[in-house]
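J.: What follows is the file work_20.cif, containing mmCIF, C-alpha atoms:
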data_input
#
loop_
_atom_site.label_atom_id
_atom_site.label_comp_id
_atom_site.auth_asym_id
_atom_site.auth_seq_id
_atom_site.Cartn_x
_atom_site.Cartn_y
_atom_site.Cartn_z
CA MET V 4 0.00 0.00 0.00
CA ALA V 5 1.48 3.36 -0.94
CA PHE V 6 0.72 6.77 0.47
CA ARG V 7 2.72 9.21 -1.69
CA THR V 8 1.22 12.48 -0.43
CA PHE V 9 4.35 13.89 1.18
CA ALA V 10 7.05 12.30 -0.92
CA ALA V 11 7.47 15.17 -3.38
CA ALA V 12 7.71 17.80 -0.66
CA ALA V 13 10.12 15.66 1.31
CA THR V 14 12.26 15.15 -1.78
CA ILE V 15 12.48 18.90 -2.36
CA ALA V 16 13.36 19.48 1.30
CA GLY V 17 15.96 16.74 1.10
CA MET V 18 17.58 18.25 -1.98
CA THR V 19 17.76 21.61 -0.24
CA LEU V 20 19.38 20.13 2.85
CA ALA V 21 21.80 17.93 0.97
CA GLY V 22 22.82 20.44 -1.69
CA GLY V 23 26.06 19.83 -3.50
CA ALA V 24 27.50 17.83 -0.59
CA ALA V 25 25.15 14.91 -1.18
CA LEU V 26 27.70 12.83 -3.02
CA ALA V 27 30.10 13.15 -0.10
CA GLN V 28 27.78 11.24 2.20
CA ASN V 29 28.47 7.56 2.88
CA LYS V 30 26.30 4.91 1.29
CA MET V 31 24.74 2.71 3.96
CA GLU V 32 22.43 -0.28 4.18
CA LEU V 33 20.61 -0.52 7.51
CA ASN V 34 18.56 -3.39 8.96
CA MET V 35 15.41 -2.33 10.79
CA ALA V 36 13.79 -4.50 13.48
CA THR V 37 10.04 -4.08 14.06
CA PRO V 38 7.46 -5.48 16.48
CA TRP V 39 4.89 -5.87 13.68
CA PRO V 40 4.08 -9.19 11.97
CA GLY V 41 2.59 -7.31 9.02
CA GLY V 42 -0.39 -5.15 8.21
CA HIS V 43 -0.76 -1.42 8.23
CA TRP V 44 1.72 -0.68 11.04
CA LEU V 45 4.44 -2.28 8.96
CA ASP V 46 3.27 -1.00 5.58
CA ILE V 47 2.32 2.62 6.33
CA GLY V 48 4.80 3.10 9.14
CA ALA V 49 8.10 1.23 8.90
CA LYS V 50 8.11 0.49 5.18
CA ARG V 51 6.98 3.96 4.23
CA TYR V 52 9.76 5.52 6.32
CA ALA V 53 12.27 3.31 4.54
CA GLU V 54 10.90 4.31 1.13
CA ILE V 55 11.03 8.03 1.91
CA VAL V 56 14.59 7.75 3.25
CA GLN V 57 15.74 6.03 0.07
CA GLN V 58 14.03 8.68 -2.08
CA ILE V 59 15.36 11.78 -0.38
CA THR V 60 18.91 10.46 0.08
CA ASP V 61 19.04 9.50 -3.60
CA GLY V 62 19.55 5.88 -2.58
CA ARG V 63 22.54 6.51 -0.32
CA ILE V 64 20.68 5.04 2.64
CA LYS V 65 18.73 1.84 2.10
CA ILE V 66 16.69 0.42 4.97
CA ASN V 67 15.77 -3.26 5.00
CA VAL V 68 12.58 -3.70 7.04
CA PHE V 69 12.19 -6.98 8.94
CA PRO V 70 8.95 -8.26 10.52
CA ALA V 71 8.57 -9.18 14.18
CA GLY V 72 10.95 -11.84 15.43
CA ALA V 73 13.30 -11.79 12.45
CA LEU V 74 16.06 -9.83 14.19
CA GLY V 75 14.99 -10.23 17.81
CA PRO V 76 11.98 -10.64 20.12
CA ALA V 77 8.94 -8.68 18.94
CA LEU V 78 8.50 -6.86 22.22
CA LYS V 79 12.20 -6.02 22.63
CA VAL V 80 12.98 -3.97 19.54
CA THR V 81 14.69 -1.27 21.61
CA GLU V 82 16.98 -3.79 23.28
CA THR V 83 17.76 -5.39 19.91
CA VAL V 84 18.86 -2.00 18.56
CA GLN V 85 20.70 -0.96 21.71
CA LYS V 86 22.79 -4.16 21.58
CA GLY V 87 23.57 -3.67 17.90
CA VAL V 88 21.78 -6.82 16.71
CA ALA V 89 19.77 -4.47 14.46
CA ASP V 90 21.03 -1.14 13.12
CA MET V 91 17.72 0.53 13.83
CA GLY V 92 14.14 -0.21 14.77
CA HIS V 93 10.57 0.92 14.26
CA ALA V 94 9.46 1.15 17.87
CA TRP V 95 6.53 1.89 20.14
CA PRO V 96 7.61 3.25 23.55
CA GLY V 97 4.72 1.43 25.20
CA TYR V 98 6.64 -1.81 24.87
CA ASP V 99 9.43 -0.24 26.95
CA TRP V 100 7.25 1.07 29.70
CA ALA V 101 8.34 -1.71 32.07
CA VAL V 102 11.83 -0.21 31.90
CA ASP V 103 10.49 3.30 32.41
CA ARG V 104 6.83 4.28 32.78
CA THR V 105 7.54 7.52 30.90
CA GLY V 106 7.12 5.49 27.71
CA ALA V 107 3.37 5.50 28.33
CA ILE V 108 3.16 9.28 27.85
CA PHE V 109 4.70 9.02 24.37
CA SER V 110 2.99 5.79 23.36
CA GLY V 111 -0.58 6.78 24.19
CA TRP V 112 -2.37 6.82 27.52
CA PRO V 113 -5.88 7.73 28.75
CA GLY V 114 -4.92 11.29 29.69
CA GLY V 115 -3.03 11.94 26.48
CA PRO V 116 -3.58 13.89 23.26
CA ASN V 117 -5.51 13.03 20.13
CA PRO V 118 -3.51 12.57 16.89
CA GLU V 119 -3.47 16.25 15.93
CA GLU V 120 -2.57 17.33 19.45
CA MET V 121 0.19 14.71 19.55
CA MET V 122 1.81 16.12 16.41
CA MET V 123 1.50 19.68 17.70
CA TRP V 124 3.11 18.71 21.00
CA LEU V 125 5.98 16.98 19.20
CA TYR V 126 6.73 19.79 16.75
CA ASN V 127 5.22 22.98 18.19
CA GLY V 128 5.96 22.12 21.80
CA ASN V 129 8.72 20.30 23.67
CA GLY V 130 7.51 16.77 22.97
CA GLY V 131 10.02 15.84 20.28
CA LYS V 132 12.97 17.29 22.19
CA LEU V 133 12.01 15.52 25.41
CA TRP V 134 11.45 12.25 23.54
CA LYS V 135 14.97 12.29 22.08
CA GLU V 136 16.58 13.17 25.41
CA TRP V 137 14.61 10.43 27.20
CA ARG V 138 15.54 7.76 24.66
CA LYS V 139 19.22 8.74 24.82
CA GLU V 140 19.43 8.78 28.61
CA LYS V 141 17.29 5.74 29.39
CA PHE V 142 18.00 3.46 26.42
CA ASP V 143 21.21 4.75 24.84
CA VAL V 144 19.64 5.00 21.37
CA VAL V 145 18.95 7.87 18.98
CA ALA V 146 15.24 8.47 18.37
CA ILE V 147 13.27 10.22 15.63
CA PRO V 148 9.47 10.39 16.00
CA CYS V 149 8.17 8.86 12.77
CA GLY V 150 4.46 8.11 13.03
CA VAL V 151 1.24 9.07 14.76
CA LEU V 152 -1.51 6.58 15.55
CA GLU V 153 -5.24 7.00 15.46
CA THR V 154 -7.66 6.96 18.38
CA GLU V 155 -8.32 3.30 19.04
CA ILE V 156 -11.49 1.32 19.52
CA PHE V 157 -12.00 1.01 23.27
CA MET V 158 -12.82 -2.70 23.25
CA HIS V 159 -14.01 -5.66 21.25
CA SER V 160 -15.97 -7.43 23.94
CA HIS V 161 -18.23 -10.34 24.73
CA LYS V 162 -19.99 -8.07 27.22
CA PRO V 163 -21.38 -4.55 26.78
CA VAL V 164 -19.28 -1.93 28.59
CA ARG V 165 -20.94 1.44 29.18
CA THR V 166 -20.44 2.50 32.79
CA PRO V 167 -17.81 2.20 35.54
CA GLU V 168 -19.84 -0.65 37.01
CA ASP V 169 -19.38 -2.65 33.79
CA MET V 170 -15.59 -2.53 34.28
CA LYS V 171 -15.78 -4.45 37.56
CA GLY V 172 -14.57 -8.03 37.09
CA LEU V 173 -13.94 -7.57 33.35
CA LYS V 174 -11.06 -9.72 32.06
CA LEU V 175 -9.25 -7.45 29.63
CA ARG V 176 -6.26 -7.90 27.33
CA THR V 177 -4.31 -4.66 27.11
CA SER V 178 -0.82 -3.17 27.46
CA SER V 179 1.17 -0.17 28.71
CA SER V 180 -0.42 2.22 31.23
CA TRP V 181 -3.98 0.93 30.74
CA ALA V 182 -2.84 -2.40 32.18
CA GLU V 183 -2.38 -0.59 35.52
CA ILE V 184 -5.14 2.00 35.22
CA ALA V 185 -8.02 -0.32 34.24
CA PRO V 186 -7.65 -2.35 37.47
CA MET V 187 -8.26 0.89 39.38
CA LEU V 188 -11.80 0.60 37.97
CA GLY V 189 -12.12 -3.07 38.93
CA ALA V 190 -10.99 -4.83 35.75
CA SER V 191 -8.41 -7.60 35.70
CA THR V 192 -5.85 -7.18 32.94
CA VAL V 193 -3.45 -9.42 31.07
CA VAL V 194 -0.72 -8.42 28.61
CA LEU V 195 -0.49 -10.73 25.60
CA PRO V 196 1.63 -10.49 22.44
CA GLY V 197 -0.22 -9.74 19.22
CA SER V 198 -0.08 -13.34 18.02
CA GLU V 199 -2.20 -14.49 20.98
CA VAL V 200 -4.85 -11.76 21.10
CA PHE V 201 -7.33 -13.21 18.59
CA SER V 202 -7.31 -16.70 20.05
CA ALA V 203 -7.72 -15.38 23.61
CA LEU V 204 -10.79 -13.40 22.55
CA GLU V 205 -12.20 -16.21 20.42
CA ARG V 206 -11.81 -18.81 23.18
CA LYS V 207 -13.10 -16.33 25.78
CA VAL V 208 -9.94 -16.56 27.83
CA VAL V 209 -10.60 -12.84 28.16
CA ASP V 210 -13.88 -10.96 28.06
CA ALA V 211 -12.51 -8.12 25.96
CA ILE V 212 -9.44 -6.84 24.16
CA GLU V 213 -8.07 -3.54 22.96
CA TRP V 214 -5.67 -3.41 20.03
CA GLY V 215 -5.92 -0.52 17.58
CA GLY V 216 -8.23 1.45 15.36
CA PRO V 217 -10.84 0.00 12.98
CA GLY V 218 -8.29 -0.57 10.19
CA GLY V 219 -6.06 -2.88 12.20
CA ASN V 220 -8.87 -4.48 14.17
CA LEU V 221 -10.88 -5.39 11.08
CA GLN V 222 -7.77 -6.98 9.60
CA GLU V 223 -7.34 -9.06 12.76
CA GLY V 224 -11.01 -10.10 12.68
CA PHE V 225 -11.83 -9.21 16.30
CA ASN V 226 -15.37 -8.10 15.44
CA LYS V 227 -16.07 -11.55 14.00
CA VAL V 228 -15.61 -13.29 17.34
CA ALA V 229 -16.92 -10.66 19.78
CA LYS V 230 -20.35 -9.07 19.48
CA TYR V 231 -19.76 -5.69 21.09
CA VAL V 232 -17.65 -2.89 19.60
CA VAL V 233 -17.13 -0.35 22.39
CA MET V 234 -16.18 3.26 21.61
CA PRO V 235 -14.43 5.69 21.79
CA GLY V 236 -10.85 4.75 22.73
CA LEU V 237 -10.65 6.25 26.21
CA HIS V 238 -7.53 4.23 26.93
CA SER V 239 -5.54 5.62 23.97
CA PRO V 240 -6.74 8.81 22.25
CA SER V 241 -3.56 8.64 20.17
CA ALA V 242 -0.02 7.29 20.24
CA ALA V 243 3.20 7.65 18.31
CA HIS V 244 6.01 5.55 16.90
CA ASP V 245 9.69 6.36 16.79
CA CYS V 246 12.46 5.21 14.48
CA ILE V 247 15.41 4.43 16.73
CA PHE V 248 19.07 4.03 15.76
CA ASN V 249 21.98 2.28 17.42
CA LYS V 250 24.24 5.13 18.58
CA ASP V 251 27.36 3.70 16.89
CA VAL V 252 25.49 3.34 13.59
CA TRP V 253 24.15 6.88 13.94
CA ALA V 254 27.70 8.21 14.44
CA LYS V 255 28.68 6.85 11.02
CA ILE V 256 25.92 8.77 9.21
CA GLY V 257 26.90 12.13 7.70
CA ASP V 258 25.34 15.29 9.09
CA LYS V 259 23.40 16.04 5.90
CA ASP V 260 21.87 12.58 5.88
CA LYS V 261 21.05 12.80 9.58
CA ALA V 262 18.99 15.88 8.73
CA LEU V 263 17.30 13.96 5.92
CA LEU V 264 16.43 11.11 8.29
CA GLU V 265 14.72 13.69 10.51
CA THR V 266 12.85 15.05 7.48
CA ALA V 267 11.74 11.53 6.61
CA GLY V 268 10.35 11.17 10.14
CA LYS V 269 8.18 14.26 9.70
CA ALA V 270 7.06 13.07 6.28
CA THR V 271 6.06 9.69 7.68
CA MET V 272 4.25 11.41 10.55
CA LEU V 273 1.90 13.06 8.06
CA GLU V 274 1.50 9.97 5.94
CA THR V 275 0.60 7.79 8.91
CA TYR V 276 -1.94 10.39 10.03
CA LEU V 277 -3.59 10.36 6.61
CA GLY V 278 -3.09 6.66 5.94
CA TYR V 279 -4.56 5.40 9.21
CA ALA V 280 -7.52 7.78 8.85
CA LYS V 281 -8.32 6.44 5.40
CA LEU V 282 -8.04 2.82 6.52
CA ASP V 283 -10.16 3.46 9.60
CA VAL V 284 -13.00 5.15 7.72
CA ASP V 285 -13.21 2.28 5.22
CA ALA V 286 -12.88 -0.41 7.91
CA TYR V 287 -15.42 1.16 10.26
CA LYS V 288 -17.96 1.20 7.44
CA LYS V 289 -17.39 -2.52 6.87
CA MET V 290 -17.73 -3.25 10.59
CA LYS V 291 -21.04 -1.42 10.68
CA GLU V 292 -22.32 -3.64 7.89
CA ASN V 293 -21.84 -6.75 10.05
CA PRO V 294 -25.29 -7.61 11.48
CA ASN V 295 -23.71 -9.62 14.29
CA ASN V 296 -22.06 -6.56 15.86
CA GLU V 297 -23.57 -4.12 18.33
CA PHE V 298 -21.87 -0.74 18.65
CA VAL V 299 -21.71 0.72 22.14
CA THR V 300 -20.84 4.30 23.04
CA VAL V 301 -19.65 4.58 26.64
CA ASP V 302 -21.56 6.68 29.15
CA LYS V 303 -20.22 10.03 30.32
CA SER V 304 -19.81 8.53 33.78
CA LEU V 305 -17.17 6.12 32.45
CA VAL V 306 -15.37 8.92 30.60
CA GLU V 307 -15.16 10.86 33.85
CA ALA V 308 -14.10 7.83 35.87
CA VAL V 309 -11.29 6.98 33.43
CA GLY V 310 -10.11 10.58 33.52
CA LYS V 311 -10.06 10.63 37.31
CA VAL V 312 -8.09 7.41 37.85
CA SER V 313 -5.72 8.22 34.98
CA LYS V 314 -4.78 11.50 36.62
CA GLU V 315 -4.30 9.74 39.95
CA TRP V 316 -2.05 7.15 38.29
CA ALA V 317 0.06 9.80 36.56
CA GLN V 318 0.47 11.84 39.73
CA LYS V 319 1.60 8.72 41.58
CA GLN V 320 4.21 7.95 38.91
CA SER V 321 5.43 11.53 39.12
CA THR V 322 6.32 11.21 42.79
CA SER V 323 9.07 8.67 42.12
CA ASN V 324 10.08 9.19 38.48
CA GLU V 325 11.64 12.51 37.50
CA TRP V 326 11.48 11.78 33.79
CA PHE V 327 7.82 10.86 34.01
CA LYS V 328 7.06 14.03 35.98
CA LYS V 329 8.89 16.22 33.46
CA VAL V 330 7.19 14.74 30.39
CA TYR V 331 3.74 14.40 31.96
CA GLU V 332 3.68 17.99 33.20
CA ASP V 333 4.97 19.34 29.90
CA GLN V 334 2.36 17.43 27.91
CA ALA V 335 -0.45 18.46 30.26
CA ALA V 336 0.56 22.13 30.05
CA PHE V 337 0.71 21.98 26.25
CA LEU V 338 -2.74 20.38 26.00
CA THR V 339 -4.12 23.17 28.17
CA SER V 340 -2.48 25.77 25.94
CA VAL V 341 -4.17 24.48 22.75
CA LYS V 342 -7.68 24.14 24.22
CA PRO V 343 -8.82 27.43 22.60
CA LEU V 344 -8.57 25.69 19.22
CA GLY V 345 -11.68 23.73 20.17
CA GLU V 346 -13.66 26.92 20.70
CA PHE V 347 -13.62 28.02 17.06
CA ARG V 348 -13.06 24.79 15.13
CA PHE V 349 -15.65 22.33 13.90
CA ALA V 350 -15.35 18.83 15.30
CA ILE V 351 -14.75 16.13 12.69
CA GLY V 352 -18.04 15.13 11.10
CA SER V 353 -20.05 17.83 12.86
CA ARG V 354 -21.33 19.47 9.67
#
Go ahead and render the structure in this file as structure tokens.
T.:
Amino acid sequence: MAFRTFAAAATIAGMTLAGGAALAQNKMELNMATPWPGGHWLDIGAKRYAEIVQQITDGRIKINVFPAGALGPALKVTETVQKGVADMGHAWPGYDWAVDRTGAIFSGWPGGPNPEEMMMWLYNGNGGKLWKEWRKEKFDVVAIPCGVLETEIFMHSHKPVRTPEDMKGLKLRTSSSWAEIAPMLGASTVVLPGSEVFSALERKVVDAIEWGGPGGNLQEGFNKVAKYVVMPGLHSPSAAHDCIFNKDVWAKIGDKDKALLETAGKATMLETYLGYAKLDVDAYKKMKENPNNEFVTVDKSLVEAVGKVSKEWAQKQSTSNEWFKKVYEDQAAFLTSVKPLGEFRFAIGSR
């Protein structure tokens, strides 16, 4: 699948940055580890970044994209890159949250931004700068934000979930911060790798799962084995990916090409935003055509309850984790600063 929207602009920007010194840059072939077995995360995210890099460096940098498990464990892409087993990786900080809970703020959490707010925080605020500093200090890798994710479906469930009371006793597959926040509402949570999510839902090992937006979830077939589609994604209004580089590999890349790799990250950010939106609109329409599904919109009481416990969780993390406190407070302040946008803009689909 190809999303070419930004390629021309990125190429022009790349030519401007590289100028006459382009030929002086070293040719490199890099191997990229990913946590994705396939599908739109791999195609629109990792593969598209690799394509843009090859275009704007005039082929000097070629990135070979490997699916989950090919270069290392699917959930340990950062470690695989840090150790030099892979030159670089397409990562999701949520998989590293066990090392440092700060990863949840970048990877999508209940108190976080929507996709547009995420991009604004990264590029208009301090988000991108903090992200790079955090990755360098905590994981000893070089990071470039390179993708924004859509608001997810809250749950595919065998039970309807509308109110805080419906969360009590619910067996839920999830990951990252929601694995700790949902139990504050009475749910029991289990973290499973992607390869086990469908079978756990199908066999009713769990009552419900969360995974991604309609595009990815339709591909996985979750709505075929669970009746209820619960919305909106309170647990993850948005998230982001980063392209991470082994520091020794990064040191071998010329300064001009380093700038082009950053440009490719911004280009892929836009293309993921547009690409996921297109997939989700088409997939959601197909889900709605399934007569076996019932679509549930959560009650305001659950929205408020999730907001309350999420804030409590974040404040608790802040008391013992300086990085978490710094990033959480910066993100919260930025979200407050852009609230006036909602006063004069139309909401999507409101007209």
J.: Using atom CA of V:Asn296 and atom CA of V:Trp44 as the two end points, give the distance in Å to one decimal.
T.: 25.0 Å
J.: Every residue with an atom at most 9 Å from (-16.2, 0.4, 19.8) (file coordinates; all atoms listed in the file) is what I'm after, so could you write them as a PDB file with C-alpha atoms, in the frame of the given file?
T.:
ATOM      1  CA  GLU V 155      -8.320   3.300  19.040  1.00  0.00           C
ATOM      2  CA  ILE V 156     -11.490   1.320  19.520  1.00  0.00           C
ATOM      3  CA  PHE V 157     -12.000   1.010  23.270  1.00  0.00           C
ATOM      4  CA  MET V 158     -12.820  -2.700  23.250  1.00  0.00           C
ATOM      5  CA  HIS V 159     -14.010  -5.660  21.250  1.00  0.00           C
ATOM      6  CA  SER V 160     -15.970  -7.430  23.940  1.00  0.00           C
ATOM      7  CA  PRO V 217     -10.840   0.000  12.980  1.00  0.00           C
ATOM      8  CA  TYR V 231     -19.760  -5.690  21.090  1.00  0.00           C
ATOM      9  CA  VAL V 232     -17.650  -2.890  19.600  1.00  0.00           C
ATOM     10  CA  VAL V 233     -17.130  -0.350  22.390  1.00  0.00           C
ATOM     11  CA  MET V 234     -16.180   3.260  21.610  1.00  0.00           C
ATOM     12  CA  PRO V 235     -14.430   5.690  21.790  1.00  0.00           C
ATOM     13  CA  GLY V 236     -10.850   4.750  22.730  1.00  0.00           C
ATOM     14  CA  GLU V 297     -23.570  -4.120  18.330  1.00  0.00           C
ATOM     15  CA  PHE V 298     -21.870  -0.740  18.650  1.00  0.00           C
ATOM     16  CA  VAL V 299     -21.710   0.720  22.140  1.00  0.00           C
ATOM     17  CA  THR V 300     -20.840   4.300  23.040  1.00  0.00           C
ATOM     18  CA  VAL V 301     -19.650   4.580  26.640  1.00  0.00           C
TER      19      VAL V 301
END
J.: Which neighbours of V:Asn293 fall inside 10 Å, counting only C-alpha atoms, when residues of the same chain fewer than 5 positions from it are skipped, and could you give them as a list in words?
T.: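 My list of contacting residues is Asn226, Lys227, Lys230 and Lys288 of chain V.
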J.: Write the residues you've just listed into a file as a compact mmCIF listing (two decimals), keeping the file's coordinate frame, and include C-alpha atoms for each of them.
T.:
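Final file, part19.txt:
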# COMPACT_ATOMS: atom_id res chain seq x y z
CA ASN V 226 -15.37 -8.10 15.44
CA LYS V 227 -16.07 -11.55 14.00
CA LYS V 230 -20.35 -9.07 19.48
CA LYS V 288 -17.96 1.20 7.44
J.: Taking all atoms listed in the file into account, name the residue in V:Ala270, V:Met91, V:Met290, V:Val200 that is nearest to V:Ile55.
T.: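 Result for the nearest residue to V:Ile55: V:Ala270.
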J.: Going by the chain IDs and residue numbers used in this file, which residues fall under the PyMOL selection byres ((chain V and resi 264) around 10)? Write them as a list in words.
T.: Gly17, Tyr52, Ala53, Ile55, Val56, Gln57, Ile59, Thr60, Ile64, Ile147, Cys149, Cys246, Ile256, Asp258, Lys259, Asp260, Lys261, Ala262, Leu263, Glu265, Thr266, Ala267, Gly268, Lys269 and Ala270 of chain V
J.: For the residues selected in the previous step, produce a file with C-alpha atoms as a compact mmCIF listing (two decimals), in the coordinates of the input.
T.:
# COMPACT_ATOMS: atom_id res chain seq x y z
CA GLY V 17 15.96 16.74 1.10
CA TYR V 52 9.76 5.52 6.32
CA ALA V 53 12.27 3.31 4.54
CA ILE V 55 11.03 8.03 1.91
CA VAL V 56 14.59 7.75 3.25
CA GLN V 57 15.74 6.03 0.07
CA ILE V 59 15.36 11.78 -0.38
CA THR V 60 18.91 10.46 0.08
CA ILE V 64 20.68 5.04 2.64
CA ILE V 147 13.27 10.22 15.63
CA CYS V 149 8.17 8.86 12.77
CA CYS V 246 12.46 5.21 14.48
CA ILE V 256 25.92 8.77 9.21
CA ASP V 258 25.34 15.29 9.09
CA LYS V 259 23.40 16.04 5.90
CA ASP V 260 21.87 12.58 5.88
CA LYS V 261 21.05 12.80 9.58
CA ALA V 262 18.99 15.88 8.73
CA LEU V 263 17.30 13.96 5.92
CA GLU V 265 14.72 13.69 10.51
CA THR V 266 12.85 15.05 7.48
CA ALA V 267 11.74 11.53 6.61
CA GLY V 268 10.35 11.17 10.14
CA LYS V 269 8.18 14.26 9.70
CA ALA V 270 7.06 13.07 6.28
J.: Sort by chain and increasing residue number a table of all residues of stretch 156-260 of chain V within 12 Å of stretch 307-316 of chain V, each with its closest pair of atoms and their distance in Å to one decimal, counting all atoms listed in the file, and write it as JSON lines.
T.:
{"residue": "V:Phe157", "atom": "CA", "partner": "V:Val309", "partner_atom": "CA", "distance": 11.8}
{"residue": "V:Arg165", "atom": "CA", "partner": "V:Ala308", "partner_atom": "CA", "distance": 11.5}
{"residue": "V:Thr166", "atom": "CA", "partner": "V:Ala308", "partner_atom": "CA", "distance": 8.8}
{"residue": "V:Pro167", "atom": "CA", "partner": "V:Ala308", "partner_atom": "CA", "distance": 6.8}
{"residue": "V:Glu168", "atom": "CA", "partner": "V:Ala308", "partner_atom": "CA", "distance": 10.3}
{"residue": "V:Asp169", "atom": "CA", "partner": "V:Ala308", "partner_atom": "CA", "distance": 11.9}
{"residue": "V:Met170", "atom": "CA", "partner": "V:Val309", "partner_atom": "CA", "distance": 10.5}
{"residue": "V:Ser180", "atom": "CA", "partner": "V:Trp316", "partner_atom": "CA", "distance": 8.8}
{"residue": "V:Trp181", "atom": "CA", "partner": "V:Ser313", "partner_atom": "CA", "distance": 8.6}
{"residue": "V:Ala182", "atom": "CA", "partner": "V:Ser313", "partner_atom": "CA", "distance": 11.4}
{"residue": "V:Glu183", "atom": "CA", "partner": "V:Trp316", "partner_atom": "CA", "distance": 8.2}
{"residue": "V:Ile184", "atom": "CA", "partner": "V:Ser313", "partner_atom": "CA", "distance": 6.3}
{"residue": "V:Ala185", "atom": "CA", "partner": "V:Val309", "partner_atom": "CA", "distance": 8.0}
{"residue": "V:Pro186", "atom": "CA", "partner": "V:Val312", "partner_atom": "CA", "distance": 9.8}
{"residue": "V:Met187", "atom": "CA", "partner": "V:Val312", "partner_atom": "CA", "distance": 6.7}
{"residue": "V:Leu188", "atom": "CA", "partner": "V:Val312", "partner_atom": "CA", "distance": 7.8}
{"residue": "V:Gly189", "atom": "CA", "partner": "V:Val312", "partner_atom": "CA", "distance": 11.3}
{"residue": "V:Gly236", "atom": "CA", "partner": "V:Val309", "partner_atom": "CA", "distance": 10.9}
{"residue": "V:Leu237", "atom": "CA", "partner": "V:Val309", "partner_atom": "CA", "distance": 7.3}
{"residue": "V:His238", "atom": "CA", "partner": "V:Val309", "partner_atom": "CA", "distance": 8.0}
{"residue": "V:Ser239", "atom": "CA", "partner": "V:Val309", "partner_atom": "CA", "distance": 11.2}
{"residue": "V:Pro240", "atom": "CA", "partner": "V:Gly310", "partner_atom": "CA", "distance": 11.9}
J.: Print the selection's residues with C-alpha atoms to a file, as a short mmCIF file (atom, residue, chain, number, x, y, z; two decimals), in the coordinates of the input.
T.:
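Below is the file selection.cif, written as the result:
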data_model
loop_
_atom_site.label_atom_id
_atom_site.label_comp_id
_atom_site.auth_asym_id
_atom_site.auth_seq_id
_atom_site.Cartn_x
_atom_site.Cartn_y
_atom_site.Cartn_z
CA PHE V 157 -12.00 1.01 23.27
CA ARG V 165 -20.94 1.44 29.18
CA THR V 166 -20.44 2.50 32.79
CA PRO V 167 -17.81 2.20 35.54
CA GLU V 168 -19.84 -0.65 37.01
CA ASP V 169 -19.38 -2.65 33.79
CA MET V 170 -15.59 -2.53 34.28
CA SER V 180 -0.42 2.22 31.23
CA TRP V 181 -3.98 0.93 30.74
CA ALA V 182 -2.84 -2.40 32.18
CA GLU V 183 -2.38 -0.59 35.52
CA ILE V 184 -5.14 2.00 35.22
CA ALA V 185 -8.02 -0.32 34.24
CA PRO V 186 -7.65 -2.35 37.47
CA MET V 187 -8.26 0.89 39.38
CA LEU V 188 -11.80 0.60 37.97
CA GLY V 189 -12.12 -3.07 38.93
CA GLY V 236 -10.85 4.75 22.73
CA LEU V 237 -10.65 6.25 26.21
CA HIS V 238 -7.53 4.23 26.93
CA SER V 239 -5.54 5.62 23.97
CA PRO V 240 -6.74 8.81 22.25
#
J.: So, counting all atoms listed in the file, which residue among V:Trp39, V:Trp214, V:Tyr331, V:Phe201 is closest to V:Gly115?
T.: V:Tyr331
J.: Could you add N, CA, C and O atoms to stretch 53-60 of chain V and give me the result as an mmCIF file, in the coordinates of the input?
T.:
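New file selection27.cif:
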data_model
loop_
_atom_site.group_PDB
_atom_site.id
_atom_site.type_symbol
_atom_site.label_atom_id
_atom_site.label_comp_id
_atom_site.auth_asym_id
_atom_site.auth_seq_id
_atom_site.Cartn_x
_atom_site.Cartn_y
_atom_site.Cartn_z
ATOM 1 N N ALA V 53 11.143 3.810 5.316
ATOM 2 C CA ALA V 53 12.270 3.310 4.540
ATOM 3 C C ALA V 53 12.218 3.811 3.103
ATOM 4 O O ALA V 53 13.257 4.190 2.525
ATOM 5 N N GLU V 54 11.032 3.839 2.511
ATOM 6 C CA GLU V 54 10.900 4.310 1.130
ATOM 7 C C GLU V 54 11.253 5.796 1.011
ATOM 8 O O GLU V 54 11.959 6.203 0.082
ATOM 9 N N ILE V 55 10.762 6.592 1.959
ATOM 10 C CA ILE V 55 11.030 8.030 1.910
ATOM 11 C C ILE V 55 12.525 8.299 2.098
ATOM 12 O O ILE V 55 13.108 9.148 1.410
ATOM 13 N N VAL V 56 13.154 7.582 3.030
ATOM 14 C CA VAL V 56 14.590 7.750 3.250
ATOM 15 C C VAL V 56 15.365 7.461 1.967
ATOM 16 O O VAL V 56 16.270 8.222 1.573
ATOM 17 N N GLN V 57 15.021 6.380 1.301
ATOM 18 C CA GLN V 57 15.740 6.030 0.070
ATOM 19 C C GLN V 57 15.530 7.090 -1.006
ATOM 20 O O GLN V 57 16.459 7.423 -1.751
ATOM 21 N N GLN V 58 14.315 7.647 -1.074
ATOM 22 C CA GLN V 58 14.030 8.680 -2.080
ATOM 23 C C GLN V 58 14.830 9.948 -1.827
ATOM 24 O O GLN V 58 15.488 10.469 -2.730
ATOM 25 N N ILE V 59 14.782 10.457 -0.607
ATOM 26 C CA ILE V 59 15.360 11.780 -0.380
ATOM 27 C C ILE V 59 16.877 11.750 -0.165
ATOM 28 O O ILE V 59 17.515 12.805 -0.190
ATOM 29 N N THR V 60 17.444 10.556 0.032
ATOM 30 C CA THR V 60 18.910 10.460 0.080
ATOM 31 C C THR V 60 19.466 9.992 -1.250
ATOM 32 O O THR V 60 20.655 9.673 -1.354
#
